[in-house]
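Inspection log for the structure reproduced underneath, given as structure tokens.
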Amino acid sequence: QVQLVESGGGLVQPGGSLRLSCAASGFSFYSYVVGWFRQAPGKDREGVSCISGSDGSTFIANSVKGRFTISRDNANTVYLQMNGLREEDTAVYYCAADSRYGTAVKPMCVHDEDLEIWGQGTPVTVSS
């Protein structure tokens, strides 16, 4: 069964850190671009960061640049390290993967419609 499973969300105070994980089963990340997306209540979904499974190239949105880092390991897991969290980072964070983008990480993050595989999402709440 092809699926993505996110974990690591939770409640954190402003300025704190969280690390989200996205684990794939039933397929290999090598031929995919994998990305993190988020959707806050009442707002459109936003591409946060994407990484190529083949060459490791990355894209990071301006709204989180300098605070968030995307990475991958050899065990079919992609991570999103989130530092310096702000209340405006509160959202449900989703992981998605698509085999059609090659190494085009920015297009996938910017145009996130109809991606092939989505996870169920993990909520992140930044509040004091």
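Convention: chains lettered A, B, ... in structure tokens order; per-chain residue numbering from 1; ligands numbered from 1 as shown.
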Open item on the list: I want to know what sits within 6 Å of stretch 99-116 of chain A, based on only C-alpha atoms, with residues of the same chain fewer than 3 positions away left out; could you give that as a count of residues only?
Closed with: 7
TODO: Could you tell me how far atom CA of A:Ala61 lies from atom CA of A:Trp36, in Å and to one decimal?
DONE: 10.3 Å
Per residue of stretch 10-44 of chain A within 9 Å of stretch 66-75 of chain A, what are the shortest atom pair and its distance in Å to one decimal, counting only C-alpha atoms, with rows by chain and residue number, as a tab-separated table?
```
residue	atom	partner	partner_atom	distance
A:Ala23	CA	A:Ala75	CA	8.4
A:Ala24	CA	A:Ala75	CA	8.9
A:Gly35	CA	A:Ile70	CA	8.6
A:Trp36	CA	A:Ile70	CA	8.5
```
- [ ] Looking only at strand (DSSP E or B) from DSSP on the backbone, list the matching residues of chain A as a PyMOL selection string.
- [x] chain A and resi 3-7+10-12+18-25+33-39+46-52+58-60+68-72+77-82+91-98+117-118+122-126
Keeping C-alpha atoms for every residue in the selection just given, could you write it to a file as a compact mmCIF listing (two decimals), in the first residue's frame?
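Result went into part_5.txt, see below:
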```txt
# COMPACT_ATOMS: atom_id res chain seq x y z
CA GLN A 3 1.15 5.92 1.67
CA LEU A 4 2.80 8.76 3.54
CA VAL A 5 2.62 9.08 7.30
CA GLU A 6 3.45 12.36 9.05
CA SER A 7 4.39 12.71 12.69
CA GLY A 10 2.09 19.36 18.55
CA LEU A 11 1.81 22.43 20.74
CA VAL A 12 4.86 24.63 21.14
CA LEU A 18 9.59 20.99 16.27
CA ARG A 19 10.75 18.35 13.81
CA LEU A 20 8.17 16.83 11.51
CA SER A 21 8.73 13.46 9.86
CA CYS A 22 7.22 12.06 6.69
CA ALA A 23 7.70 8.33 6.23
CA ALA A 24 6.91 6.59 2.97
CA SER A 25 5.71 3.04 2.62
CA VAL A 33 9.87 15.20 -5.21
CA VAL A 34 8.61 15.31 -1.62
CA GLY A 35 7.20 18.42 -0.08
CA TRP A 36 5.70 19.92 3.04
CA PHE A 37 2.56 21.99 2.73
CA ARG A 38 0.48 23.71 5.36
CA GLN A 39 -3.02 25.03 5.70
CA GLU A 46 0.85 26.99 1.14
CA GLY A 47 3.90 25.13 -0.11
CA VAL A 48 6.52 25.32 2.66
CA SER A 49 9.47 23.32 1.38
CA CYS A 50 10.24 20.62 -1.17
CA ILE A 51 13.16 18.28 -1.77
CA SER A 52 14.18 16.10 -4.69
CA THR A 58 15.57 21.94 -2.16
CA PHE A 59 13.15 24.84 -2.25
CA ILE A 60 12.09 26.81 0.80
CA PHE A 68 12.81 25.85 8.56
CA THR A 69 15.04 23.20 6.98
CA ILE A 70 14.02 20.19 4.89
CA SER A 71 16.15 17.06 4.76
CA ARG A 72 15.96 13.39 3.91
CA THR A 77 11.90 9.58 5.47
CA VAL A 78 11.81 13.34 4.88
CA TYR A 79 12.06 15.78 7.76
CA LEU A 80 11.06 19.38 8.34
CA GLN A 81 13.06 21.01 11.12
CA MET A 82 11.17 24.06 12.33
CA ALA A 91 -1.48 25.09 10.67
CA VAL A 92 -2.01 21.50 9.68
CA TYR A 93 1.16 20.34 7.94
CA TYR A 94 0.89 17.83 5.13
CA CYS A 95 3.50 15.80 3.32
CA ALA A 96 3.06 15.04 -0.37
CA ALA A 97 5.04 13.23 -3.05
CA ASP A 98 4.90 13.27 -6.81
CA ILE A 117 0.30 11.04 -2.87
CA TRP A 118 -0.75 12.95 0.27
CA THR A 122 -0.15 16.63 11.46
CA PRO A 123 -1.29 19.72 13.39
CA VAL A 124 1.15 22.32 14.64
CA THR A 125 0.00 24.93 17.15
CA VAL A 126 2.26 27.77 18.21
```
